[in-house]
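K.L.:
Just one file: entry-v6.pdb, with PDB, C-alpha atoms.
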```
ATOM      1  CA  MET O   2      -0.564  19.802   5.211  1.00  0.00           C
ATOM      2  CA  THR O   3       2.396  17.418   5.215  1.00  0.00           C
ATOM      3  CA  THR O   4       5.898  18.849   5.441  1.00  0.00           C
ATOM      4  CA  LYS O   5       8.673  17.098   3.583  1.00  0.00           C
ATOM      5  CA  ILE O   6      11.752  15.953   5.457  1.00  0.00           C
ATOM      6  CA  ILE O   7      13.859  17.765   2.877  1.00  0.00           C
ATOM      7  CA  SER O   8      12.945  19.741  -0.218  1.00  0.00           C
ATOM      8  CA  GLU O   9      13.923  18.800  -3.756  1.00  0.00           C
ATOM      9  CA  ALA O  10      15.754  22.120  -4.066  1.00  0.00           C
ATOM     10  CA  GLU O  11      17.952  21.161  -1.103  1.00  0.00           C
ATOM     11  CA  LEU O  12      18.510  17.724  -2.593  1.00  0.00           C
ATOM     12  CA  GLU O  13      19.612  19.218  -5.897  1.00  0.00           C
ATOM     13  CA  VAL O  14      22.175  21.372  -4.099  1.00  0.00           C
ATOM     14  CA  ILE O  15      23.467  18.325  -2.205  1.00  0.00           C
ATOM     15  CA  PHE O  16      23.692  16.324  -5.430  1.00  0.00           C
ATOM     16  CA  THR O  17      25.572  19.104  -7.226  1.00  0.00           C
ATOM     17  CA  ASN O  18      28.084  19.551  -4.412  1.00  0.00           C
ATOM     18  CA  LEU O  19      28.629  15.813  -3.929  1.00  0.00           C
ATOM     19  CA  SER O  20      29.039  15.270  -7.669  1.00  0.00           C
ATOM     20  CA  LYS O  21      31.912  17.769  -7.728  1.00  0.00           C
ATOM     21  CA  LEU O  22      33.628  16.113  -4.767  1.00  0.00           C
ATOM     22  CA  ALA O  23      32.972  12.634  -6.158  1.00  0.00           C
ATOM     23  CA  GLU O  24      34.548  13.540  -9.478  1.00  0.00           C
ATOM     24  CA  LEU O  25      37.765  14.481  -7.696  1.00  0.00           C
ATOM     25  CA  ALA O  26      37.690  11.132  -5.887  1.00  0.00           C
ATOM     26  CA  ASN O  27      36.944   9.266  -9.130  1.00  0.00           C
ATOM     27  CA  THR O  28      33.588   7.945  -7.931  1.00  0.00           C
ATOM     28  CA  ASN O  29      29.901   8.926  -8.036  1.00  0.00           C
ATOM     29  CA  ALA O  30      27.810  11.098  -5.723  1.00  0.00           C
ATOM     30  CA  TYR O  31      26.037   8.157  -4.076  1.00  0.00           C
ATOM     31  CA  ASP O  32      29.151   6.138  -3.251  1.00  0.00           C
ATOM     32  CA  TYR O  33      30.911   9.282  -2.047  1.00  0.00           C
ATOM     33  CA  TYR O  34      27.989  10.065   0.270  1.00  0.00           C
ATOM     34  CA  ILE O  35      27.918   6.520   1.667  1.00  0.00           C
ATOM     35  CA  GLN O  36      31.645   6.582   2.370  1.00  0.00           C
ATOM     36  CA  THR O  37      31.217   9.946   4.095  1.00  0.00           C
ATOM     37  CA  LEU O  38      28.478   8.505   6.315  1.00  0.00           C
ATOM     38  CA  LYS O  39      30.582   5.462   7.197  1.00  0.00           C
ATOM     39  CA  THR O  40      33.508   7.672   8.207  1.00  0.00           C
ATOM     40  CA  GLN O  41      31.190   9.936  10.175  1.00  0.00           C
ATOM     41  CA  ARG O  42      29.660   7.018  12.084  1.00  0.00           C
ATOM     42  CA  LEU O  43      33.105   5.733  13.065  1.00  0.00           C
ATOM     43  CA  SER O  44      34.081   9.078  14.565  1.00  0.00           C
ATOM     44  CA  GLU O  45      30.821   9.574  16.467  1.00  0.00           C
ATOM     45  CA  GLN O  46      30.369   8.742  20.116  1.00  0.00           C
ATOM     46  CA  PRO O  47      27.646   6.128  20.801  1.00  0.00           C
ATOM     47  CA  ASP O  48      24.392   7.900  21.589  1.00  0.00           C
ATOM     48  CA  LYS O  49      21.442   5.832  22.783  1.00  0.00           C
ATOM     49  CA  GLU O  50      19.101   8.802  22.404  1.00  0.00           C
ATOM     50  CA  SER O  51      19.690   9.153  18.664  1.00  0.00           C
ATOM     51  CA  TYR O  52      17.494   7.228  16.242  1.00  0.00           C
ATOM     52  CA  TYR O  53      19.204   5.413  13.395  1.00  0.00           C
ATOM     53  CA  GLU O  54      17.979   3.178  10.610  1.00  0.00           C
ATOM     54  CA  ARG O  55      19.803   0.529   8.598  1.00  0.00           C
ATOM     55  CA  HIS O  56      20.446   1.422   4.988  1.00  0.00           C
ATOM     56  CA  HIS O  57      21.474  -1.290   2.545  1.00  0.00           C
ATOM     57  CA  ILE O  58      24.208   0.246   0.399  1.00  0.00           C
ATOM     58  CA  ILE O  59      23.367  -2.207  -2.370  1.00  0.00           C
ATOM     59  CA  PRO O  60      19.581  -2.369  -1.879  1.00  0.00           C
ATOM     60  CA  ARG O  61      17.690  -5.584  -1.352  1.00  0.00           C
ATOM     61  CA  PHE O  62      15.883  -5.290  -4.672  1.00  0.00           C
ATOM     62  CA  GLU O  63      19.238  -5.949  -6.375  1.00  0.00           C
ATOM     63  CA  LYS O  64      18.803  -9.712  -6.224  1.00  0.00           C
ATOM     64  CA  GLY O  65      22.041 -11.651  -5.952  1.00  0.00           C
ATOM     65  CA  LYS O  66      24.051  -8.529  -5.125  1.00  0.00           C
ATOM     66  CA  SER O  67      22.605  -7.274  -1.854  1.00  0.00           C
ATOM     67  CA  THR O  68      23.379  -8.894   1.491  1.00  0.00           C
ATOM     68  CA  ASP O  69      22.887  -8.190   5.185  1.00  0.00           C
ATOM     69  CA  ALA O  70      26.638  -8.306   5.713  1.00  0.00           C
ATOM     70  CA  PRO O  71      28.041  -5.461   7.872  1.00  0.00           C
ATOM     71  CA  GLU O  72      29.973  -4.014   4.930  1.00  0.00           C
ATOM     72  CA  ASN O  73      26.696  -3.510   3.060  1.00  0.00           C
ATOM     73  CA  ILE O  74      24.972  -1.731   5.950  1.00  0.00           C
ATOM     74  CA  VAL O  75      25.371   1.834   7.148  1.00  0.00           C
ATOM     75  CA  LYS O  76      23.542   3.511  10.021  1.00  0.00           C
ATOM     76  CA  VAL O  77      21.595   6.568   8.901  1.00  0.00           C
ATOM     77  CA  THR O  78      19.162   9.095  10.291  1.00  0.00           C
ATOM     78  CA  VAL O  79      15.757   9.392   8.622  1.00  0.00           C
ATOM     79  CA  LYS O  80      16.906  12.443   6.664  1.00  0.00           C
ATOM     80  CA  GLU O  81      20.136  10.732   5.621  1.00  0.00           C
ATOM     81  CA  HIS O  82      18.093   7.716   4.528  1.00  0.00           C
ATOM     82  CA  VAL O  83      15.961   9.911   2.279  1.00  0.00           C
ATOM     83  CA  ILE O  84      19.055  11.568   0.812  1.00  0.00           C
ATOM     84  CA  ALA O  85      20.728   8.193   0.218  1.00  0.00           C
ATOM     85  CA  HIS O  86      17.824   6.781  -1.791  1.00  0.00           C
ATOM     86  CA  TRP O  87      17.407  10.001  -3.731  1.00  0.00           C
ATOM     87  CA  LEU O  88      21.120  10.112  -4.610  1.00  0.00           C
ATOM     88  CA  ARG O  89      21.083   6.484  -5.686  1.00  0.00           C
ATOM     89  CA  TYR O  90      18.096   7.202  -7.912  1.00  0.00           C
ATOM     90  CA  LYS O  91      19.899  10.189  -9.451  1.00  0.00           C
ATOM     91  CA  VAL O  92      23.040   8.138 -10.096  1.00  0.00           C
ATOM     92  CA  PHE O  93      21.585   4.782 -11.198  1.00  0.00           C
ATOM     93  CA  ASN O  94      18.064   5.811 -12.279  1.00  0.00           C
ATOM     94  CA  LYS O  95      16.425   2.826 -10.567  1.00  0.00           C
ATOM     95  CA  PRO O  96      12.651   3.289 -10.027  1.00  0.00           C
ATOM     96  CA  GLN O  97      12.848   1.262  -6.801  1.00  0.00           C
ATOM     97  CA  ASP O  98      15.123   3.920  -5.306  1.00  0.00           C
ATOM     98  CA  GLN O  99      12.733   6.639  -6.402  1.00  0.00           C
ATOM     99  CA  CYS O 100       9.881   4.737  -4.771  1.00  0.00           C
ATOM    100  CA  ALA O 101      11.871   4.355  -1.528  1.00  0.00           C
ATOM    101  CA  TYR O 102      12.608   8.086  -1.557  1.00  0.00           C
ATOM    102  CA  LEU O 103       8.948   8.969  -2.097  1.00  0.00           C
ATOM    103  CA  PHE O 104       7.855   6.656   0.708  1.00  0.00           C
ATOM    104  CA  ARG O 105      10.099   8.452   3.169  1.00  0.00           C
ATOM    105  CA  VAL O 106      10.155  12.086   2.112  1.00  0.00           C
ATOM    106  CA  GLY O 107       6.501  12.811   2.856  1.00  0.00           C
ATOM    107  CA  ASP O 108       3.008  11.993   1.661  1.00  0.00           C
ATOM    108  CA  THR O 109       2.200  14.694  -0.855  1.00  0.00           C
ATOM    109  CA  ILE O 110      -0.510  14.108  -3.457  1.00  0.00           C
ATOM    110  CA  ASN O 111       2.074  13.939  -6.232  1.00  0.00           C
ATOM    111  CA  ALA O 112       4.255  11.524  -4.255  1.00  0.00           C
ATOM    112  CA  ILE O 113       1.313   9.189  -3.691  1.00  0.00           C
ATOM    113  CA  LYS O 114       0.398   9.326  -7.386  1.00  0.00           C
ATOM    114  CA  ILE O 115       3.922   8.516  -8.558  1.00  0.00           C
ATOM    115  CA  ARG O 116       4.312   5.879  -5.839  1.00  0.00           C
ATOM    116  CA  ASN O 117       1.148   4.094  -6.933  1.00  0.00           C
ATOM    117  CA  GLU O 118       2.309   4.190 -10.546  1.00  0.00           C
ATOM    118  CA  LEU O 119       5.643   2.656  -9.551  1.00  0.00           C
ATOM    119  CA  VAL O 120       3.920  -0.062  -7.515  1.00  0.00           C
ATOM    120  CA  SER O 121       1.633  -0.837 -10.468  1.00  0.00           C
ATOM    121  CA  GLN O 122       4.646  -1.045 -12.762  1.00  0.00           C
ATOM    122  CA  ALA O 123       6.361  -3.398 -10.315  1.00  0.00           C
ATOM    123  CA  ARG O 124       3.292  -5.647 -10.157  1.00  0.00           C
ATOM    124  CA  GLU O 125       3.119  -5.663 -13.959  1.00  0.00           C
ATOM    125  CA  ARG O 126       6.787  -6.704 -14.151  1.00  0.00           C
ATOM    126  CA  ASP O 127       6.038  -9.504 -11.682  1.00  0.00           C
ATOM    127  CA  ARG O 128       3.102 -10.619 -13.824  1.00  0.00           C
ATOM    128  CA  ILE O 129       5.132 -10.645 -17.041  1.00  0.00           C
ATOM    129  CA  GLU O 130       8.064 -12.430 -15.415  1.00  0.00           C
ATOM    130  CA  LYS O 131       5.715 -14.705 -13.413  1.00  0.00           C
ATOM    131  CA  ARG O 132       7.263 -13.858 -10.070  1.00  0.00           C
ATOM    132  CA  TYR O 133       5.894 -13.958  -6.518  1.00  0.00           C
ATOM    133  CA  PHE O 134       2.081 -14.183  -6.526  1.00  0.00           C
ATOM    134  CA  PHE O 135       2.121 -14.686 -10.292  1.00  0.00           C
ATOM    135  CA  ASP O 136       4.269 -17.793  -9.845  1.00  0.00           C
ATOM    136  CA  ALA O 137       2.315 -21.032  -9.364  1.00  0.00           C
ATOM    137  CA  ASP O 138       5.078 -22.601  -7.261  1.00  0.00           C
ATOM    138  CA  PHE O 139       5.185 -19.545  -4.998  1.00  0.00           C
ATOM    139  CA  GLN O 140       1.401 -19.623  -4.576  1.00  0.00           C
ATOM    140  CA  ALA O 141       1.509 -23.313  -3.694  1.00  0.00           C
ATOM    141  CA  LYS O 142       4.249 -22.681  -1.141  1.00  0.00           C
ATOM    142  CA  MET O 143       2.315 -19.836   0.493  1.00  0.00           C
ATOM    143  CA  GLY O 144      -0.868 -21.905   0.490  1.00  0.00           C
ATOM    144  CA  LYS O 145       0.786 -24.759   2.353  1.00  0.00           C
ATOM    145  CA  ARG O 146       1.890 -22.370   5.081  1.00  0.00           C
ATOM    146  CA  GLY O 147      -1.732 -21.932   6.038  1.00  0.00           C
ATOM    147  CA  GLY O 148      -2.056 -25.598   6.925  1.00  0.00           C
ATOM    148  CA  LYS O 149      -5.157 -27.671   6.389  1.00  0.00           C
ATOM    149  CA  LYS O 150      -8.490 -25.972   5.864  1.00  0.00           C
ATOM    150  CA  GLY O 151     -10.230 -25.610   9.158  1.00  0.00           C
ATOM    151  CA  GLY O 152     -10.302 -23.078  11.909  1.00  0.00           C
ATOM    152  CA  SER O 153     -13.610 -21.234  12.041  1.00  0.00           C
ATOM    153  CA  ALA O 154     -14.692 -22.179   8.498  1.00  0.00           C
ATOM    154  CA  GLY O 155     -18.390 -23.104   8.506  1.00  0.00           C
ATOM    155  CA  SER O 156     -18.653 -22.741  12.274  1.00  0.00           C
ATOM    156  CA  ASP O 157     -21.046 -20.745  14.445  1.00  0.00           C
ATOM    157  CA  ALA O 158     -18.159 -18.405  15.236  1.00  0.00           C
ATOM    158  CA  GLN O 159     -17.746 -17.594  11.544  1.00  0.00           C
ATOM    159  CA  PHE O 160     -21.511 -17.057  11.154  1.00  0.00           C
ATOM    160  CA  LEU O 161     -21.638 -14.693  14.126  1.00  0.00           C
ATOM    161  CA  ALA O 162     -18.608 -12.779  12.859  1.00  0.00           C
ATOM    162  CA  ARG O 163     -20.204 -12.299   9.445  1.00  0.00           C
ATOM    163  CA  GLN O 164     -23.515 -11.370  11.049  1.00  0.00           C
ATOM    164  CA  LYS O 165     -21.773  -8.716  13.137  1.00  0.00           C
ATOM    165  CA  VAL O 166     -20.243  -7.174  10.018  1.00  0.00           C
ATOM    166  CA  GLY O 167     -23.589  -7.297   8.232  1.00  0.00           C
ATOM    167  CA  LEU O 168     -25.434  -5.605  11.073  1.00  0.00           C
ATOM    168  CA  GLN O 169     -22.788  -2.915  11.347  1.00  0.00           C
ATOM    169  CA  TYR O 170     -22.196  -2.119   7.688  1.00  0.00           C
ATOM    170  CA  GLY O 171     -25.065  -3.741   5.784  1.00  0.00           C
ATOM    171  CA  ARG O 172     -27.573  -0.908   6.180  1.00  0.00           C
ATOM    172  CA  LYS O 173     -25.000   1.807   5.494  1.00  0.00           C
ATOM    173  CA  THR O 174     -23.792   0.070   2.350  1.00  0.00           C
ATOM    174  CA  GLY O 175     -27.352  -0.656   1.230  1.00  0.00           C
ATOM    175  CA  ILE O 176     -28.418   2.963   1.563  1.00  0.00           C
ATOM    176  CA  LYS O 177     -25.273   4.149  -0.190  1.00  0.00           C
ATOM    177  CA  ASN O 178     -25.961   1.855  -3.168  1.00  0.00           C
ATOM    178  CA  GLN O 179     -29.645   2.777  -3.560  1.00  0.00           C
ATOM    179  CA  LYS O 180     -30.576   3.843  -7.068  1.00  0.00           C
ATOM    180  CA  GLU O 181     -32.790   6.847  -7.728  1.00  0.00           C
ATOM    181  CA  THR O 182     -35.768   4.644  -8.653  1.00  0.00           C
ATOM    182  CA  LEU O 183     -35.545   2.833  -5.315  1.00  0.00           C
ATOM    183  CA  LYS O 184     -35.201   6.097  -3.412  1.00  0.00           C
ATOM    184  CA  GLU O 185     -38.320   7.384  -5.163  1.00  0.00           C
ATOM    185  CA  PHE O 186     -40.204   4.179  -4.337  1.00  0.00           C
ATOM    186  CA  ILE O 187     -39.436   4.129  -0.617  1.00  0.00           C
ATOM    187  CA  ALA O 188     -40.220   7.839  -0.349  1.00  0.00           C
ATOM    188  CA  ASN O 189     -43.927   6.961  -0.856  1.00  0.00           C
ATOM    189  CA  TRP O 190     -46.455   4.734   0.857  1.00  0.00           C
ATOM    190  CA  SER O 191     -46.529   1.165  -0.463  1.00  0.00           C
ATOM    191  CA  ILE O 192     -48.375  -2.104   0.057  1.00  0.00           C
ATOM    192  CA  TRP O 193     -46.346  -5.307   0.317  1.00  0.00           C
ATOM    193  CA  ALA O 194     -47.929  -8.702  -0.240  1.00  0.00           C
ATOM    194  CA  PHE O 195     -46.400 -11.778   1.350  1.00  0.00           C
ATOM    195  CA  SER O 196     -47.399 -15.247   0.171  1.00  0.00           C
ATOM    196  CA  GLU O 197     -46.103 -18.666   1.083  1.00  0.00           C
ATOM    197  CA  ASN O 198     -46.464 -19.773  -2.531  1.00  0.00           C
ATOM    198  CA  ALA O 199     -44.338 -16.871  -3.703  1.00  0.00           C
ATOM    199  CA  PHE O 200     -41.286 -18.735  -2.476  1.00  0.00           C
ATOM    200  CA  SER O 201     -41.780 -21.261  -5.280  1.00  0.00           C
ATOM    201  CA  THR O 202     -38.913 -21.441  -7.777  1.00  0.00           C
ATOM    202  CA  SER O 203     -41.388 -20.871 -10.639  1.00  0.00           C
ATOM    203  CA  ARG O 204     -44.186 -18.365 -11.056  1.00  0.00           C
ATOM    204  CA  VAL O 205     -47.574 -19.543  -9.758  1.00  0.00           C
ATOM    205  CA  LYS O 206     -51.049 -18.323 -10.673  1.00  0.00           C
ATOM    206  CA  ASP O 207     -52.513 -19.164  -7.287  1.00  0.00           C
ATOM    207  CA  ARG O 208     -50.555 -17.325  -4.627  1.00  0.00           C
ATOM    208  CA  GLY O 209     -52.751 -18.776  -1.911  1.00  0.00           C
ATOM    209  CA  LYS O 210     -53.336 -16.819   1.252  1.00  0.00           C
ATOM    210  CA  GLU O 211     -51.558 -13.512   1.351  1.00  0.00           C
ATOM    211  CA  LEU O 212     -50.566 -11.104   4.056  1.00  0.00           C
ATOM    212  CA  HIS O 213     -50.753  -7.457   3.012  1.00  0.00           C
ATOM    213  CA  VAL O 214     -48.683  -4.902   4.857  1.00  0.00           C
ATOM    214  CA  LEU O 215     -48.928  -1.142   4.494  1.00  0.00           C
ATOM    215  CA  ILE O 216     -45.441   0.377   4.581  1.00  0.00           C
ATOM    216  CA  SER O 217     -45.036   4.005   5.545  1.00  0.00           C
ATOM    217  CA  THR O 218     -42.705   6.388   3.758  1.00  0.00           C
ATOM    218  CA  LYS O 219     -39.023   6.119   4.488  1.00  0.00           C
ATOM    219  CA  LYS O 220     -36.628   8.956   4.923  1.00  0.00           C
ATOM    220  CA  VAL O 221     -34.193   8.937   2.020  1.00  0.00           C
ATOM    221  CA  LEU O 222     -30.628   9.300   3.308  1.00  0.00           C
TER     222      LEU O 222
END
```
Would you encode the structure as C-alpha cells?

P.N.:
Amino acid sequence: MTTKIISEAELEVIFTNLSKLAELANTNAYDYYIQTLKTQRLSEQPDKESYYERHHIIPRFEKGKSTDAPENIVKVTVKEHVIAHWLRYKVFNKPQDQCAYLFRVGDTINAIKIRNELVSQARERDRIEKRYFFDADFQAKMGKRGGKKGGSAGSDAQFLARQKVGLQYGRKTGIKNQKETLKEFIANWSIWAFSENAFSTSRVKDRGKELHVLISTKKVL
C-alpha cells in the first residue's frame, strides 16, 4: 500500500486558507504560496542535511514564458513541491500541473489511471499539432544525432546478443502463446517425419527418404 505525501483533504484546507489570505493581498492562492516560500527560504539558515528541489514558478511547459532565471526558481521540499503543483492546477486548471502533482503525490491506482490519460492526451495534442516525434524536422534532427549506421549492426556481437535473448525468453514466450489445439497435440504421442525434399518452396509428391521420429508426450505448462 502506497501512502500519499499529503491527502487531498489537507490540500483542500490549505487551498481554502491561502485563498482567503491571497484575496486580502489581491493575488491568487498559488502566487501567495510561492511568495511565502521565497520569504521563508530567505529567513532560513543554510542546512546541508535538508533536501530541496527546484520548482519553476512559471513551469517549463509554458513555452516562451518559463526560464531558468533565479527569479523563476524557488527551493522547495518534496511536500511543498506537491502542494505548489496542486495549487497551480486549482488556480489555472492546467492539466500539466495536475499531472505533475499526481506524479509526486503517490502511485495510487487512480493516480496512475489519470496520469496515463493525461499523457495520452498530451501525445494526441503533439500529433495534431505535429510537434516533437510527430514533426518530420524533429525526427530528422534526432536521427542525425545517432550518426552513421554501424556499430554492432549485422555483426557476430549482434547475433550473439539476439541469441542470448532468444534462449532466455524464447521458450517462456512460446509456451505462454500456445493455443489450446497445440497444447492438446503435444500432450499426446506423435510421429514426426523429416524429409530433405520437404524444404522445397513448393509441395512435392516424392518426399524422398524420410526420417521418422517418435516424440513422447510433453508436459503442458

K.L.:
Residue by residue, what does the PyMOL selection byres ((chain O and resi 90-92) around 12) grab here? Present the result as number ranges by chain.

P.N.:
O: 9, 12-13, 15-17, 19-20, 23, 28-34, 60, 83-89, 93-103

K.L.:
To one decimal in Å, tell me the separation between atom CA of Val79 of chain O and atom CA of Leu22 of chain O.

P.N.:
23.3 Å

K.L.:
Given the choices O:Ala26, O:Glu63, O:Val77, O:Asp69, which gets closest to Ser51 of chain O if the distance is worked out from all atoms listed in the file?

P.N.:
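With all atoms listed in the file as the atom set, the closest residue is O:Val77.
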
K.L.:
So what does the PyMOL selection byres ((chain O and resi 57) around 9) actually pick up in this one, as number ranges by chain?

P.N.:
O: 55-56, 58-61, 67-69, 73-75

K.L.:
How would you write, as a list of chain:residue names, the residues chosen by the PyMOL selection byres ((chain O and resi 192) around 7) on this structure?

P.N.:
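When the PyMOL selection byres ((chain O and resi 192) around 7) is applied to the shown file, the picked residues are O:Ser191, O:Trp193, O:Ala194, O:His213, O:Val214, O:Leu215, O:Ile216.
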
K.L.:
Mind writing the picked residues with C-alpha atoms as a PDB file, in the frame of the given file?

P.N.:
```
ATOM      1  CA  SER O 191     -46.529   1.165  -0.463  1.00  0.00           C
ATOM      2  CA  TRP O 193     -46.346  -5.307   0.317  1.00  0.00           C
ATOM      3  CA  ALA O 194     -47.929  -8.702  -0.240  1.00  0.00           C
ATOM      4  CA  HIS O 213     -50.753  -7.457   3.012  1.00  0.00           C
ATOM      5  CA  VAL O 214     -48.683  -4.902   4.857  1.00  0.00           C
ATOM      6  CA  LEU O 215     -48.928  -1.142   4.494  1.00  0.00           C
ATOM      7  CA  ILE O 216     -45.441   0.377   4.581  1.00  0.00           C
TER       8      ILE O 216
END
```

K.L.:
Just give me the gap between atom CA of Leu43 of chain O and atom CA of Glu81 of chain O in Å, one decimal is fine.

P.N.:
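Distance reported for this atom pair: 15.8 Å.
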
K.L.:
When you draw a straight line from atom CA of Arg163 of chain O to atom CA of Glu181 of chain O, how long is it in Å?

P.N.:
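Result for atom CA of Arg163 of chain O versus atom CA of Glu181 of chain O: 28.6 Å, one decimal.
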
K.L.:
My list of candidates is O:Glu118, O:Phe139, O:Ala10, O:Ile35. Which is closest to His82 of chain O when distances are computed with all atoms listed in the file?

P.N.:
O:Ile35
